[in-house]
Amino acid sequence: MNGPENGLVCVLITPARNESANIDRLLAAVTAQTVPPRRWIIVDDGSTDDTAERVRAYLPRFPWIELVSRREDRDRSFAAKVDGFNAGYERAKRHAFDIVGNLDADVSFEADYLEFLLGRFAADPSLGVAGTPFVEDSGYNTITDSFEGERHVAGGCQLFRRRCFEEIGGYVANPKGGIDWIAVTSARMKGWTTRSFRERSFHHHRSLGTGEGSPLAALFDYGRKDFYLGNHPLWEMLRVLYRMGRRPYLLGGLVLLTGYVRQALLREDRPVSPELIRFHRKEEMQKLKEIFKARFGRGRGPGKGGPE
């Protein structure tokens, strides 16, 4: 039974494909939690390595872990992750729960991680999405190297209040990415609080955005995604300038800009509604005001870093 102090019941879902190098760390982290989930559903999405075998080794000792295997050939776009999550969510509906968490297979965290986040949900009924910052082996830290701010919740570990998750319609199976961002921003648009709590963090064991390509290719894809998710051009230019101050410096910023401009020239339909884009751009302009106020006036902005 989970949540003895706050009464909240949590289920976790992890879509995984060829995560043999990472899944052991996550298995160790979740099974060591001071407040374990009611159910943890791991969806093996057609792995060709021994990911499933590594999970099966834990099943006799932890009956609250469930392995779901999907062996058919599938599109390997970002939408595949949503399909895998949805397969797990259908299983989760067999159980009573208040909180549903989406965990990537390449993360790990301390033993009180879930207990801490469940406590935050219990303390704030308006909290719809919660998570924490993360760090990487490269030294990347979202507190200092990103400017999404505390209202954004990183996709590697997102916990949703069930009512919030169902109100936003779950994850959007967008093959080009941004599924975590769409979910969190949609929650705020519908009046929910979303928060990344800096008192804890998780470790991401793969460089952000480089799962199937180089860092430069990832930056190009981020530029494309920035456009079709609706980034304001002024915000994007500041993001490019910020990127030029970090490795790979000028080249990285130019690659990011090239992705944004290329996507704009293609004039493809965006995967998000005009309503969500308007809401997003209003937030960006408010955030810019806070940044300039913090840098050149009185008060403090939402954090250090640049427009990541």
# chains A, B, ... in the order shown; residues from 1 in each chain; ligands from 1
call {"tool": "residues_around", "arguments": {"residues": "region 32-49 of chain A", "least_positions_apart": "2", "cutoff": "8 Å", "atoms": "only C-alpha atoms", "output": "PyMOL selection string"}}
result
chain A and resi 1-3+9-20+28-30+51-52+64-73+84-85+87-88+91-92+97+110-115
call {"tool": "select_by_dssp", "arguments": {"residues": "region 183-281 of chain A", "states": "helix (DSSP H, G or I)", "output": "PyMOL selection string"}}
result
chain A and resi 183-189+215-228+233-244+249-266+274-281
call {"tool": "residues_around", "arguments": {"residues": "region 164-167 of chain A", "least_positions_apart": "3", "cutoff": "7 Å", "atoms": "only C-alpha atoms", "output": "list in words"}}
result
Gly128, Phe160, Arg161, Gly170 and Ala187 of chain A
call {"tool": "residues_around", "arguments": {"residues": "Phe197 (chain A)", "least_positions_apart": "3", "cutoff": "12 Å", "atoms": "only C-alpha atoms", "output": "list in words"}}
result
Tyr113, Phe116, Leu117, Leu118, Gly119, Arg120, Phe121, Leu127, Val129, Ala130, Gly131, Thr132, Pro133, Phe134, Thr142, Ile143, Gly149, Glu150, Arg151, His152, Val153, Ala154, Cys157, Gln158, Leu159, Thr194, Arg200, Ser201 and Phe202 of chain A
call {"tool": "closest_residue", "arguments": {"among": "A:Arg198, A:Val261, A:Lys289, A:Ser146", "to": "Arg243 (chain A)", "atoms": "only C-alpha atoms"}}
result
A:Ser146
call {"tool": "residues_around", "arguments": {"residues": "region 280-282 of chain A", "least_positions_apart": "4", "cutoff": "8 Å", "atoms": "only C-alpha atoms", "output": "PyMOL selection string"}}
result
chain A and resi 185+230-232+276+286
call {"tool": "closest_residue", "arguments": {"among": "A:Glu148, A:Leu266, A:Asp104, A:Lys190", "to": "Glu283 (chain A)", "atoms": "only C-alpha atoms"}}
result
A:Glu148
call {"tool": "closest_residue", "arguments": {"among": "A:Asp83, A:Asp106, A:Glu268, A:Asp24", "to": "Arg54 (chain A)", "atoms": "only C-alpha atoms"}}
result
A:Asp24
call {"tool": "closest_residue", "arguments": {"among": "A:Leu234, A:Val272, A:Leu8, A:Val107", "to": "Val172 (chain A)", "atoms": "only C-alpha atoms"}}
result
A:Val272
call {"tool": "closest_residue", "arguments": {"among": "A:Lys225, A:Arg163, A:Arg206, A:Arg239", "to": "Trp181 (chain A)", "atoms": "only C-alpha atoms"}}
result
A:Lys225
